[in-house]
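**Q** There's a structure below that I have some questions on.
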Amino acid sequence: MDHEADAYRTDLMTITRFVLNEQSKYPESRGDFTILLSNIVLGCKFVCSAVNKAGLAKLIGLAGETNIQGEEQKKLDVLSNDVFVKALVSSGRTSVLVSEEDEEATFVESSKRGKYCVVFDPLDGSSNIDCGVSIGTIFGIYTMTHNDDPTTEDVLKPGNEMVAAGYCMYGSSCMLVLSTGTGVNGFTLDPSLGEFILTHPDIKIPKKGNIYSVNEGNAQNWDGPTTKYVEKCKFPKDGSPAKSLRYVGSMVADVHRTLLYGGIFLYPADKKSPNGKLRVLYEVFPMSFLMEQAGGQAFTGKKRALDLVPEKIHERSPIFLGSYDDVEEIKALYAAEG
Ligand code: AFP
């Protein structure tokens, strides 16, 4: 990147302008998606600002404790959820919301309903909050296909029916990565403008990578194909170099690195968690959607991840996602097992 030229860039492609440009390709479009997205962006900006202040707030006793008026302060993940739910409902463009924080789906009252359903994890990787490591928000968007009252069936659909997905990473910079089904684009928050600016157009994941990302502490409980695959990463027998291991423990950070540098992210099934840990609707599907849109693959150990049909809103699934060739290898190991 030419940083000097960048410093003087005057033609700023904000995320709103980008989505409006996309929208203009569809003459029938009435701007509903743009409005929905601007509310998601608002939620992300709020969480970004709250995350940036988290360490300081803790220092002066503002987070997760009792404040001066004796009121219990909300934890960051609960607060983030409240902000997203309120922003999405008030957008007037949603009918069903599923959040990692809420056991039940939220059905928007009829006067505020719109044509979209949003599944999201407002603050993923929350165990990393207190040590200031990158965390994120993940979201996926479906459209309503009828005008009757919404039900959970409106979101219990395969990931390949999502119309958009994305994540926002609260890291050394705040970055929003979005796909509306025509590739993947990354926007970085310029804090002085309060705007997400297109900085990573048309992201493509390298066809093969040299990093694997997994919680190896679970290795004793893995199945055969996962064990063989990780062994192969560390001790390749075909003369290729061993892969490096990187694991943050925040899906957004681990997937973001995988998307940009290539390689593979694994959260497999194991003896203790036969369905893995990650949630289908708001972790596995959005990330799989982005991976495929960037030229990678996402596999559950049995099938293409986006072809799963969830039966419950908080269902889990094993997941292997990343560079095309790396996922091909794990698919071959599962196929060989039969
Ligand atoms: P937390 O929100 O409890 O920190 O979990 C994060 C997460 O859902 C996902 O972001 C990580 O990829 C994964 O769990 C990490 O799980 P392990 O701690 O079992 O490795």
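Letters A, B, ... go to the chains of the structure tokens in the order shown; residues in each chain start at 1; ligands are counted from 1 in the same order.
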Could you list, as an NGL selection string, all protein and nucleic acid residues with an atom at most 6 Å from ligand 1, counting only C-alpha atoms and all ligand atoms?
**A** :A and (124-128 or 215 or 249-251 or 278)
**Q** Hey, what's within 12 Å of A:Phe320 if we count only C-alpha atoms and toss same-chain stuff fewer than 6 positions away? As a VMD selection string, please?
**A** chain A and resid 212 to 214 225 to 226 229 to 230 255 258 263 to 269 276 278 284 to 285 287 to 288 291 296 to 306 326 to 331 334
**Q** Selected residues, C-alpha atoms, written as a PDB file, in the first residue's frame, please.
**A**
ATOM      1  CA  TYR A 212      -3.307 -23.656  11.069  1.00  0.00           C
ATOM      2  CA  SER A 213      -5.458 -22.395  13.903  1.00  0.00           C
ATOM      3  CA  VAL A 214      -6.987 -24.700  16.496  1.00  0.00           C
ATOM      4  CA  PRO A 225      -9.165 -37.141  10.617  1.00  0.00           C
ATOM      5  CA  THR A 226      -8.562 -34.036  12.760  1.00  0.00           C
ATOM      6  CA  TYR A 229      -4.570 -33.408   9.729  1.00  0.00           C
ATOM      7  CA  VAL A 230      -2.887 -31.541  12.582  1.00  0.00           C
ATOM      8  CA  VAL A 255     -10.892 -16.109  10.874  1.00  0.00           C
ATOM      9  CA  THR A 258      -7.035 -16.787   7.958  1.00  0.00           C
ATOM     10  CA  GLY A 263      -4.463 -21.295   6.009  1.00  0.00           C
ATOM     11  CA  ILE A 264      -7.104 -23.088   7.987  1.00  0.00           C
ATOM     12  CA  PHE A 265      -9.205 -22.507  11.112  1.00  0.00           C
ATOM     13  CA  LEU A 266     -10.564 -25.599  12.846  1.00  0.00           C
ATOM     14  CA  TYR A 267     -13.055 -26.073  15.633  1.00  0.00           C
ATOM     15  CA  PRO A 268     -13.662 -29.797  15.309  1.00  0.00           C
ATOM     16  CA  ALA A 269     -15.982 -32.158  17.116  1.00  0.00           C
ATOM     17  CA  GLY A 276     -18.009 -28.863  18.380  1.00  0.00           C
ATOM     18  CA  LEU A 278     -19.296 -22.952  17.573  1.00  0.00           C
ATOM     19  CA  VAL A 284     -20.392 -21.015  11.430  1.00  0.00           C
ATOM     20  CA  PHE A 285     -22.721 -19.689   8.708  1.00  0.00           C
ATOM     21  CA  MET A 287     -17.879 -17.067   8.479  1.00  0.00           C
ATOM     22  CA  SER A 288     -18.476 -19.877   5.970  1.00  0.00           C
ATOM     23  CA  MET A 291     -14.871 -17.784   3.191  1.00  0.00           C
ATOM     24  CA  GLY A 296     -12.088 -20.535   0.229  1.00  0.00           C
ATOM     25  CA  GLN A 297     -14.142 -23.402   1.598  1.00  0.00           C
ATOM     26  CA  ALA A 298     -15.999 -24.315   4.769  1.00  0.00           C
ATOM     27  CA  PHE A 299     -16.670 -27.932   5.763  1.00  0.00           C
ATOM     28  CA  THR A 300     -18.303 -29.531   8.812  1.00  0.00           C
ATOM     29  CA  GLY A 301     -16.536 -32.896   8.681  1.00  0.00           C
ATOM     30  CA  LYS A 302     -19.548 -34.278   6.818  1.00  0.00           C
ATOM     31  CA  LYS A 303     -20.670 -31.680   4.307  1.00  0.00           C
ATOM     32  CA  ARG A 304     -20.359 -28.135   2.969  1.00  0.00           C
ATOM     33  CA  ALA A 305     -21.063 -25.972   6.021  1.00  0.00           C
ATOM     34  CA  LEU A 306     -23.528 -23.685   4.200  1.00  0.00           C
ATOM     35  CA  ASP A 326      -6.139 -26.715   2.898  1.00  0.00           C
ATOM     36  CA  VAL A 327      -9.829 -27.523   3.362  1.00  0.00           C
ATOM     37  CA  GLU A 328      -9.569 -29.999   0.459  1.00  0.00           C
ATOM     38  CA  GLU A 329      -6.993 -31.910   2.518  1.00  0.00           C
ATOM     39  CA  ILE A 330      -9.207 -32.243   5.546  1.00  0.00           C
ATOM     40  CA  LYS A 331     -12.133 -33.256   3.313  1.00  0.00           C
ATOM     41  CA  TYR A 334     -12.795 -37.478   6.304  1.00  0.00           C
TER      42      TYR A 334
END
**Q** Excluding A:Phe187 and residues on its chain fewer than 6 positions from it, collect all residues at most 10 Å away from it, counting only C-alpha atoms, and give them as a list of chain:residue names.
**A** A:Met13, A:Thr14, A:Ile15, A:Phe18, A:Cys168, A:Cys174, A:Met175, A:Leu176, A:Val177, A:Leu178, A:Glu195, A:Phe196, A:Ile197, A:Leu198, A:Thr199, A:His200, A:Pro201
**Q** Can you list, as a ChimeraX atom specification, all residues belonging to stretch 48-230 of chain A that DSSP tags as strand (DSSP E)?
**A** /A:94-99,106-107,113-124,135-143,164-170,174-179,185-190,195-200,211-213
**Q** Where does DSSP see helix (DSSP H, G or I) in stretch 123-168 of chain A, if you list the residues as a list in words?
**A**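 Filtering stretch 123-168 of chain A to helix (DSSP H, G or I) leaves Ser126, Ser127, Asn128, Ile129, Asp130, Cys131, Thr152, Glu153, Asp154, Gly159, Asn160 and Glu161 of chain A.
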**Q** Would you please work out which residue, of A:Ser244, A:Ser24, A:Ser173, A:Asn185, is nearest to A:Lys45 when using only C-alpha atoms?
**A**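 Answer, going by the shortest atom-to-atom distance: A:Ser173.
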**Q** Point out the residue among A:Gly114, A:Gly92, A:Gly171, A:Gly166 with the least atom-to-atom distance to A:Val47, counting only C-alpha atoms.
**A** A:Gly171
**Q** To one decimal place in Å, what is the distance between atom CA of A:Asn160 and atom CA of A:Gly140?
**A** 10.8 Å
**Q** At what distance in Å, to one decimal, does atom CA of A:Gly181 lie from atom CA of A:Val98?
**A**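 Taking atom CA of A:Val98 as the start and atom CA of A:Gly181 as the end point, the length is 20.9 Å.
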